[in-house]
Amino acid sequence: MLRHAAQRLLLAVPVLIGVLAVGFLLMQVVPTDPAIVRAGPMATQDIVQAIRVQLGLDQPLIVQFGLYLLRLAHGDLGRSIINNIPVAQELASTIGPTLELMAASLIWSIPLGIALGTVAAVARGTLLDRCVMLVSVAGVSVPVFFVGMLLIWFVGFRWGLLPFTGRGGPIWSLAGLRSLILPAFTLGGVFVGPVARMTRTAVLDVLDADYVRTARAKGLPAFIVITRHALRNALIPIATFVGLQIGFLLGGAVVTETIFSWPGIGRLAVGAILSNDFPMAQGTILVLSGGFILINLCVDLLYAVLDPRVRT
Amino acid sequence: MKRLLRDPVALAALIFVIAIIAAAVLAPWITSGDPYDNDLGAAMAPPDADHWFGADDQGRDLVVRLIYGLRLTLAMGGISVAVGGGIGAAIGLAAAFYKPLDGALMRMMDVLLSFPAILFGLAIAAIFGPGVTAVILALAVATIPLAARITRGAAAVEMGRDYIEAARAVGMKDGRLIWRHLLPNCVSALAVWATLRFGQVILLGSALSFLGLGAQPPTAELGAMASQGRGFLFFAPHIAVVPSVMIFLIVLAFNVLGDLLRDTLDPRLRA
């Protein structure tokens with residue numbers, strides 16, 4: 001177990017260094033000069049040059065990369081070109097809302113997806129199965145922004161039931177909770193379908209297994225056979241799948257945050273890219289990639305905990 | 001094929017796919033207007049006899065824009081699946097054929113695979129600036145590792161077959177063997193995968209355009225059109241709804257077709 005963990009951790013290190021290096025180099029080939037952007041259209045050549053020196057842009061690339069890593073080690077991701085706020089500070093304030101949104105989306109969509117998928121598998125070949133699968137295929141196909149806009153239009157605007165812009169406050173306050181409902185419903189909505197499909201496949205795989213037949217043969221009620229014997233074994237592939245699909249969910253989170261003006265890291269990233277705020281864009285991409293490496297690592301380890309066969 | 005014709009949902013999906021491809025290809029001949037022709041008198045007009053799907057904020061006819069939008073959106077999806085799929089397939093074939101390369105190539109693919117497409121989209125848009133090219137590039141890069149895995153899986157099975165041994169025994173060159181024998185036997189698996197991937201790519205690409213990282217307004221592209229409509233959601237919802245529904249239907253049709261093709265190849269999962 002420990003060896004497996006150490007191996008995985010070691011594999012993640014070069015990937016992380018790669019992300020850092022690629023992230024840094026990519027920002028070097030940007031067509032716009034950050035010094036000119038920072039200086040504004042009216043600046044003289046001297047001012048641009050001064051800013052270039054101030055930002056360290058006159059140094060050789062390798063030196064800039066070294067300086068960059070050194071700064072990163074100190075938690076310094078630079079300052080926004082647009083408003084001069086430290087990137088790290090901006091990132092720290094947006095990670096919370098993003099995690100909140102993702103957690104709130106997963107907490108209802110995973111159980112619902114597993115339930116739907118199990119029902120479909122048990123009722124395999126019936127009309128019910130076909131309906132569940134059709135709904136889940138529709139769920140996989142619908143653009144996140146469409147779901148979001150429909151909810152805003154009806155629930156938020158027409159019926160005026162829930163707020164649909166921004167975050168009302170911390171999650172423990174009523175306003176915060178209310179503002180979280182529509183975004184979480186939007187983001188979770190696109191996750192139910194994939195989970196249901198995966199669950200159906202996984203449950204179908206184990207339903208034919210000998211131990212399920214044995215459990216049935218000894219007269220256990222169908223519900224117990226399904227939940228205790230079949231579903232429990234099917235959970236291993238489902239858990240892995242969910243872990244790997246967190247990436248897919250992040251894509252949806254970026255869109256969801258943008259539509260609902262949710263102050264998360266995805267919206268920050270998009271805003272930074274659209275306004276050519278390179279330090280900010282790079283910071284968000286770095287944090288998102290780092291988050292990914294971490295999630296994948298956790299999924300690998302979780303997999304080993306769930307399935308003892310992997311450990312050896 | 002028979003199964004496809006018997007299944008009404010799949011048949012509808014197939015007809016729809018053929019119809020939209022035809023509409024996209026024939027766009028200039030089946031529409032009367034220009035997708036950028038504005039008529040401010042008709043601005044935000046709801047659907048009526050003149051404008052079947054209404055008009056956008058500049059009074060541009062949404063039917064015309066939808067058809068031209070289809071053109072760009074489908075082209076974007078097609079190019080990225082073709083480019084990413086082609087490169088990925090080459091890598092997958094190489095990994096299966098040349099065993100010593102296998103480990104290194106597939107580890108590289110694993111690394112690429114561990115990042116979601118949206119991150120490539122963000123990073124590439126940050127470097128090259130937002131635009132259709134950035135989206136195609138991001139989607140193609142995100143597609144490479146998937147194609148490589150599928151191809152390697154299919155090719156590895158074929159590598160164990162007698163005909164490979166036979167071709168080698170008669171002294172066939174590697175390149176010819178891969179091109180003439182190995183690749184054709186992997187094509188069906190790749191075709192199923194590409195159908196499903198096309199739907200996903202359209203969805204991802206339209207999301208990137210919606211965020212403003214892809215096609216820029218006033219370009220007629222479905223995601224960008226939905227994004228443009230978002231600003232008028234409360235007065236003229238049809239501007240956002242029309243392109244969004246179109247994206248949904250395209251992706252749905254490709255997913256239904258892809259699922260059916262996959263089930264036909266792998267009957268174990270058949271409903």
# chains A, B, ... in the order shown; residues from 1 in each chain; ligands from 1
call {"tool": "closest_atom_pairs", "arguments": {"of": "chain B", "to": "chain A", "cutoff": "9 Å", "atoms": "only C-alpha atoms", "output": "CSV"}}
result
residue,atom,partner,partner_atom,distance
B:Val111,CA,A:Val15,CA,7.0
B:Ser114,CA,A:Asn296,CA,7.2
B:Phe115,CA,A:Phe292,CA,6.7
B:Pro116,CA,A:Gly247,CA,5.0
B:Ala117,CA,A:Gly251,CA,7.6
B:Ile118,CA,A:Gly251,CA,5.2
B:Leu119,CA,A:Ile285,CA,7.0
B:Leu122,CA,A:Val270,CA,7.2
B:Ala123,CA,A:Ile285,CA,6.8
B:Ile124,CA,A:Leu26,CA,8.6
B:Ala125,CA,A:Ile273,CA,7.1
B:Ala126,CA,A:Ile273,CA,5.2
B:Ile127,CA,A:Val30,CA,5.1
B:Phe128,CA,A:Val30,CA,6.6
B:Gly129,CA,A:Ile273,CA,7.9
B:Pro130,CA,A:Leu274,CA,7.5
B:Gly199,CA,A:Ser141,CA,7.6
B:Gln200,CA,A:Ser141,CA,7.8
B:Leu203,CA,A:Pro143,CA,6.2
B:Leu204,CA,A:Gly251,CA,8.2
B:Ser206,CA,A:Pro143,CA,8.0
B:Ala207,CA,A:Val255,CA,7.0
B:Leu208,CA,A:Val255,CA,8.4
B:Phe210,CA,A:Phe145,CA,7.8
B:Leu211,CA,A:Val255,CA,6.7
B:Gly212,CA,A:Leu274,CA,7.5
B:Leu213,CA,A:Leu274,CA,7.3
B:Ala226,CA,A:Phe146,CA,8.3
B:Ser227,CA,A:Phe145,CA,8.7
B:Arg230,CA,A:Met149,CA,7.4
B:Leu233,CA,A:Trp153,CA,6.9
B:Phe234,CA,A:Trp153,CA,6.8
B:Pro237,CA,A:Trp153,CA,8.2
B:Ala240,CA,A:Phe146,CA,8.2
B:Val241,CA,A:Phe146,CA,7.4
B:Ser244,CA,A:Phe146,CA,5.9
B:Val245,CA,A:Phe146,CA,7.9
B:Ile247,CA,A:Pro143,CA,7.2
B:Phe248,CA,A:Val142,CA,4.9
B:Leu249,CA,A:Ser141,CA,7.8
B:Ile250,CA,A:Ser141,CA,8.4
B:Val251,CA,A:Ser141,CA,5.2
B:Leu252,CA,A:Ser141,CA,5.1
B:Ala253,CA,A:Ser141,CA,8.7
B:Phe254,CA,A:Ser141,CA,9.0
B:Asn255,CA,A:Val137,CA,7.0
B:Val256,CA,A:Val137,CA,7.3
B:Arg268,CA,A:Asp205,CA,8.9
B:Leu269,CA,A:Thr201,CA,6.9
B:Arg270,CA,A:Gly125,CA,8.1
B:Ala271,CA,A:Gly125,CA,4.7
call {"tool": "residues_around", "arguments": {"residues": "Arg38 of chain A", "least_positions_apart": "3", "cutoff": "10 Å", "atoms": "only C-alpha atoms", "output": "MDAnalysis selection string"}}
result
chainID A and resid 33:35 41 43 48 51:52 80:84 276:277
call {"tool": "residues_around", "arguments": {"residues": "segment 172-184 of chain B", "least_positions_apart": "4", "cutoff": "10 Å", "atoms": "only C-alpha atoms", "output": "list in words"}}
result
Ala89, Ala90, Leu93, Ala94, Ala96, Phe97, Tyr98, Thr151, Ala154, Ala155, Ala156, Glu158, Met159, Tyr163, Ile164, Ala166, Ala167, Arg168, Ser188 and Leu190 of chain B
call {"tool": "residues_around", "arguments": {"residues": "segment 63-78 of chain B", "least_positions_apart": "6", "cutoff": "9 Å", "atoms": "only C-alpha atoms", "output": "ChimeraX atom specification"}}
result
/B:20-21,23-25,27-28,31-36,51-55,132-133,135-136,139,198-202,205-206,219-225,242-243,246-247
call {"tool": "residues_around", "arguments": {"residues": "Phe235 of chain B", "least_positions_apart": "5", "cutoff": "10 Å", "atoms": "only C-alpha atoms", "output": "VMD selection string"}}
result
chain B and resid 44 46 229
call {"tool": "residues_around", "arguments": {"residues": "Val119 of chain A", "least_positions_apart": "6", "cutoff": "10 Å", "atoms": "only C-alpha atoms", "output": "list in words"}}
result
Gly113, Leu128, Asp129, Val132, Ala196, Thr199, Arg200, Val203 and Ile226 of chain A
call {"tool": "write_last_selection", "arguments": {"atoms": "all heavy atoms", "output": "mmCIF file, in the first residue's frame"}}
result
data_model
loop_
_atom_site.group_PDB
_atom_site.id
_atom_site.type_symbol
_atom_site.label_atom_id
_atom_site.label_comp_id
_atom_site.auth_asym_id
_atom_site.auth_seq_id
_atom_site.Cartn_x
_atom_site.Cartn_y
_atom_site.Cartn_z
ATOM 1 N N GLY A 113 -27.347 9.618 -9.622
ATOM 2 C CA GLY A 113 -26.829 8.887 -10.780
ATOM 3 C C GLY A 113 -26.693 7.404 -10.475
ATOM 4 O O GLY A 113 -27.070 6.556 -11.293
ATOM 5 N N LEU A 128 -38.428 1.005 -18.748
ATOM 6 C CA LEU A 128 -37.835 1.834 -17.706
ATOM 7 C C LEU A 128 -36.349 2.044 -17.978
ATOM 8 O O LEU A 128 -35.826 3.162 -17.924
ATOM 9 C CB LEU A 128 -38.036 1.162 -16.339
ATOM 10 C CG LEU A 128 -37.556 1.971 -15.135
ATOM 11 C CD1 LEU A 128 -38.387 3.228 -14.983
ATOM 12 C CD2 LEU A 128 -37.633 1.122 -13.871
ATOM 13 N N ASP A 129 -35.665 0.949 -18.320
ATOM 14 C CA ASP A 129 -34.243 1.009 -18.634
ATOM 15 C C ASP A 129 -34.007 1.967 -19.802
ATOM 16 O O ASP A 129 -33.157 2.846 -19.740
ATOM 17 C CB ASP A 129 -33.760 -0.402 -18.998
ATOM 18 C CG ASP A 129 -32.282 -0.427 -19.390
ATOM 19 O OD1 ASP A 129 -31.551 0.499 -18.997
ATOM 20 O OD2 ASP A 129 -31.870 -1.376 -20.073
ATOM 21 N N VAL A 132 -34.496 5.614 -18.690
ATOM 22 C CA VAL A 132 -33.374 6.121 -17.888
ATOM 23 C C VAL A 132 -32.173 6.389 -18.789
ATOM 24 O O VAL A 132 -31.513 7.428 -18.690
ATOM 25 C CB VAL A 132 -32.996 5.124 -16.765
ATOM 26 C CG1 VAL A 132 -31.698 5.542 -16.097
ATOM 27 C CG2 VAL A 132 -34.114 5.034 -15.750
ATOM 28 N N ALA A 196 -24.924 7.729 -14.099
ATOM 29 C CA ALA A 196 -25.959 6.708 -14.301
ATOM 30 C C ALA A 196 -25.509 5.681 -15.345
ATOM 31 O O ALA A 196 -25.664 4.475 -15.158
ATOM 32 C CB ALA A 196 -27.269 7.363 -14.731
ATOM 33 N N THR A 199 -22.766 3.499 -13.869
ATOM 34 C CA THR A 199 -23.318 2.598 -12.863
ATOM 35 C C THR A 199 -24.036 1.439 -13.522
ATOM 36 O O THR A 199 -23.874 0.278 -13.120
ATOM 37 C CB THR A 199 -24.301 3.358 -11.947
ATOM 38 O OG1 THR A 199 -23.621 4.465 -11.382
ATOM 39 C CG2 THR A 199 -24.815 2.457 -10.846
ATOM 40 N N ARG A 200 -24.814 1.741 -14.551
ATOM 41 C CA ARG A 200 -25.559 0.684 -15.232
ATOM 42 C C ARG A 200 -24.594 -0.380 -15.762
ATOM 43 O O ARG A 200 -24.790 -1.569 -15.555
ATOM 44 C CB ARG A 200 -26.363 1.289 -16.378
ATOM 45 C CG ARG A 200 -27.125 0.259 -17.176
ATOM 46 C CD ARG A 200 -27.977 0.921 -18.235
ATOM 47 N NE ARG A 200 -28.674 -0.068 -19.034
ATOM 48 C CZ ARG A 200 -28.149 -0.646 -20.111
ATOM 49 N NH1 ARG A 200 -26.945 -0.317 -20.510
ATOM 50 N NH2 ARG A 200 -28.840 -1.542 -20.779
ATOM 51 N N VAL A 203 -22.967 -2.313 -12.788
ATOM 52 C CA VAL A 203 -23.897 -3.224 -12.113
ATOM 53 C C VAL A 203 -24.207 -4.407 -13.030
ATOM 54 O O VAL A 203 -24.251 -5.552 -12.577
ATOM 55 C CB VAL A 203 -25.182 -2.492 -11.673
ATOM 56 C CG1 VAL A 203 -26.218 -3.481 -11.157
ATOM 57 C CG2 VAL A 203 -24.866 -1.469 -10.604
ATOM 58 N N ILE A 226 -29.174 -6.691 -4.446
ATOM 59 C CA ILE A 226 -28.712 -5.574 -5.264
ATOM 60 C C ILE A 226 -27.832 -4.620 -4.468
ATOM 61 O O ILE A 226 -26.707 -4.307 -4.859
ATOM 62 C CB ILE A 226 -29.916 -4.774 -5.855
ATOM 63 C CG1 ILE A 226 -30.789 -5.673 -6.720
ATOM 64 C CG2 ILE A 226 -29.432 -3.571 -6.646
ATOM 65 C CD1 ILE A 226 -30.094 -6.258 -7.901
#
call {"tool": "atom_distance", "arguments": {"atom1": "atom CA of Leu70 of chain A", "atom2": "atom CA of Leu9 of chain A"}}
result
22.2 Å
call {"tool": "atom_distance", "arguments": {"atom1": "atom CA of Leu113 of chain B", "atom2": "atom CA of Pro145 of chain B"}}
result
5.9 Å
call {"tool": "select_by_dssp", "arguments": {"residues": "segment 112-230 of chain A", "states": "alpha helix (DSSP H)", "output": "PyMOL selection string"}}
result
chain A and resi 112-122+127-141+144-151+174-207+210-217+222-224
call {"tool": "closest_atom_pairs", "arguments": {"of": "segment 25-109 of chain A", "to": "segment 180-183 of chain A", "cutoff": "9 Å", "atoms": "only C-alpha atoms", "output": "tab-separated table"}}
result
residue	atom	partner	partner_atom	distance
A:Glu100	CA	A:Leu180	CA	8.5
A:Leu101	CA	A:Leu180	CA	7.0
A:Ala104	CA	A:Leu180	CA	7.8
A:Ser105	CA	A:Pro183	CA	8.0
call {"tool": "atom_distance", "arguments": {"atom1": "atom CA of Arg8 of chain A", "atom2": "atom CA of Ala104 of chain B"}}
result
16.4 Å
call {"tool": "decode", "arguments": {"residues": "segment 216-227 of chain B", "atoms": "all heavy atoms", "output": "mmCIF file, in the first residue's frame"}}
result
data_model
loop_
_atom_site.group_PDB
_atom_site.id
_atom_site.type_symbol
_atom_site.label_atom_id
_atom_site.label_comp_id
_atom_site.auth_asym_id
_atom_site.auth_seq_id
_atom_site.Cartn_x
_atom_site.Cartn_y
_atom_site.Cartn_z
ATOM 1 N N GLN B 216 -15.372 34.621 -32.143
ATOM 2 C CA GLN B 216 -15.744 35.916 -31.571
ATOM 3 C C GLN B 216 -16.988 36.468 -32.263
ATOM 4 O O GLN B 216 -17.121 36.344 -33.470
ATOM 5 C CB GLN B 216 -14.588 36.900 -31.741
ATOM 6 C CG GLN B 216 -13.317 36.462 -31.052
ATOM 7 C CD GLN B 216 -13.463 36.430 -29.545
ATOM 8 O OE1 GLN B 216 -13.976 37.353 -28.949
ATOM 9 N NE2 GLN B 216 -13.041 35.334 -28.920
ATOM 10 N N PRO B 217 -17.889 37.103 -31.500
ATOM 11 C CA PRO B 217 -19.023 37.748 -32.133
ATOM 12 C C PRO B 217 -18.517 38.819 -33.108
ATOM 13 O O PRO B 217 -17.481 39.419 -32.819
ATOM 14 C CB PRO B 217 -19.792 38.382 -30.982
ATOM 15 C CG PRO B 217 -19.047 38.079 -29.739
ATOM 16 C CD PRO B 217 -17.834 37.279 -30.070
ATOM 17 N N PRO B 218 -19.172 39.075 -34.205
ATOM 18 C CA PRO B 218 -20.473 38.526 -34.597
ATOM 19 C C PRO B 218 -20.397 37.233 -35.401
ATOM 20 O O PRO B 218 -21.376 36.898 -36.069
ATOM 21 C CB PRO B 218 -21.029 39.646 -35.468
ATOM 22 C CG PRO B 218 -19.821 40.184 -36.162
ATOM 23 C CD PRO B 218 -18.670 40.038 -35.190
ATOM 24 N N THR B 219 -19.265 36.517 -35.360
ATOM 25 C CA THR B 219 -19.154 35.292 -36.139
ATOM 26 C C THR B 219 -20.346 34.374 -35.887
ATOM 27 O O THR B 219 -20.752 34.201 -34.741
ATOM 28 C CB THR B 219 -17.860 34.537 -35.750
ATOM 29 O OG1 THR B 219 -16.781 35.450 -35.775
ATOM 30 C CG2 THR B 219 -17.594 33.389 -36.684
ATOM 31 N N ALA B 220 -20.888 33.806 -36.967
ATOM 32 C CA ALA B 220 -21.977 32.860 -36.814
ATOM 33 C C ALA B 220 -21.393 31.511 -36.424
ATOM 34 O O ALA B 220 -20.934 30.750 -37.264
ATOM 35 C CB ALA B 220 -22.767 32.757 -38.112
ATOM 36 N N GLU B 221 -21.346 31.259 -35.119
ATOM 37 C CA GLU B 221 -20.913 29.962 -34.586
ATOM 38 C C GLU B 221 -21.850 29.707 -33.420
ATOM 39 O O GLU B 221 -22.165 30.638 -32.665
ATOM 40 C CB GLU B 221 -19.447 30.025 -34.145
ATOM 41 C CG GLU B 221 -18.812 28.681 -33.848
ATOM 42 C CD GLU B 221 -19.090 28.193 -32.443
ATOM 43 O OE1 GLU B 221 -19.347 29.025 -31.556
ATOM 44 O OE2 GLU B 221 -19.090 26.978 -32.224
ATOM 45 N N LEU B 222 -22.303 28.455 -33.284
ATOM 46 C CA LEU B 222 -23.402 28.189 -32.360
ATOM 47 C C LEU B 222 -23.106 28.618 -30.918
ATOM 48 O O LEU B 222 -23.933 29.245 -30.263
ATOM 49 C CB LEU B 222 -23.797 26.713 -32.419
ATOM 50 C CG LEU B 222 -24.279 26.234 -33.803
ATOM 51 C CD1 LEU B 222 -24.587 24.744 -33.782
ATOM 52 C CD2 LEU B 222 -25.513 27.013 -34.231
ATOM 53 N N GLY B 223 -21.902 28.282 -30.417
ATOM 54 C CA GLY B 223 -21.563 28.647 -29.042
ATOM 55 C C GLY B 223 -21.505 30.158 -28.859
ATOM 56 O O GLY B 223 -22.017 30.710 -27.879
ATOM 57 N N ALA B 224 -20.879 30.831 -29.820
ATOM 58 C CA ALA B 224 -20.769 32.289 -29.753
ATOM 59 C C ALA B 224 -22.145 32.936 -29.850
ATOM 60 O O ALA B 224 -22.429 33.937 -29.186
ATOM 61 C CB ALA B 224 -19.860 32.802 -30.878
ATOM 62 N N MET B 225 -23.033 32.343 -30.667
ATOM 63 C CA MET B 225 -24.387 32.879 -30.790
ATOM 64 C C MET B 225 -25.147 32.752 -29.468
ATOM 65 O O MET B 225 -25.876 33.662 -29.068
ATOM 66 C CB MET B 225 -25.147 32.155 -31.914
ATOM 67 C CG MET B 225 -24.691 32.548 -33.318
ATOM 68 S SD MET B 225 -25.225 31.381 -34.585
ATOM 69 C CE MET B 225 -27.006 31.598 -34.511
ATOM 70 N N ALA B 226 -24.965 31.621 -28.789
ATOM 71 C CA ALA B 226 -25.632 31.424 -27.494
ATOM 72 C C ALA B 226 -25.109 32.443 -26.492
ATOM 73 O O ALA B 226 -25.867 33.016 -25.705
ATOM 74 C CB ALA B 226 -25.388 30.005 -26.986
ATOM 75 N N SER B 227 -23.793 32.677 -26.551
ATOM 76 C CA SER B 227 -23.179 33.635 -25.637
ATOM 77 C C SER B 227 -23.726 35.037 -25.879
ATOM 78 O O SER B 227 -24.038 35.784 -24.937
ATOM 79 C CB SER B 227 -21.671 33.610 -25.855
ATOM 80 O OG SER B 227 -21.047 34.599 -25.099
#
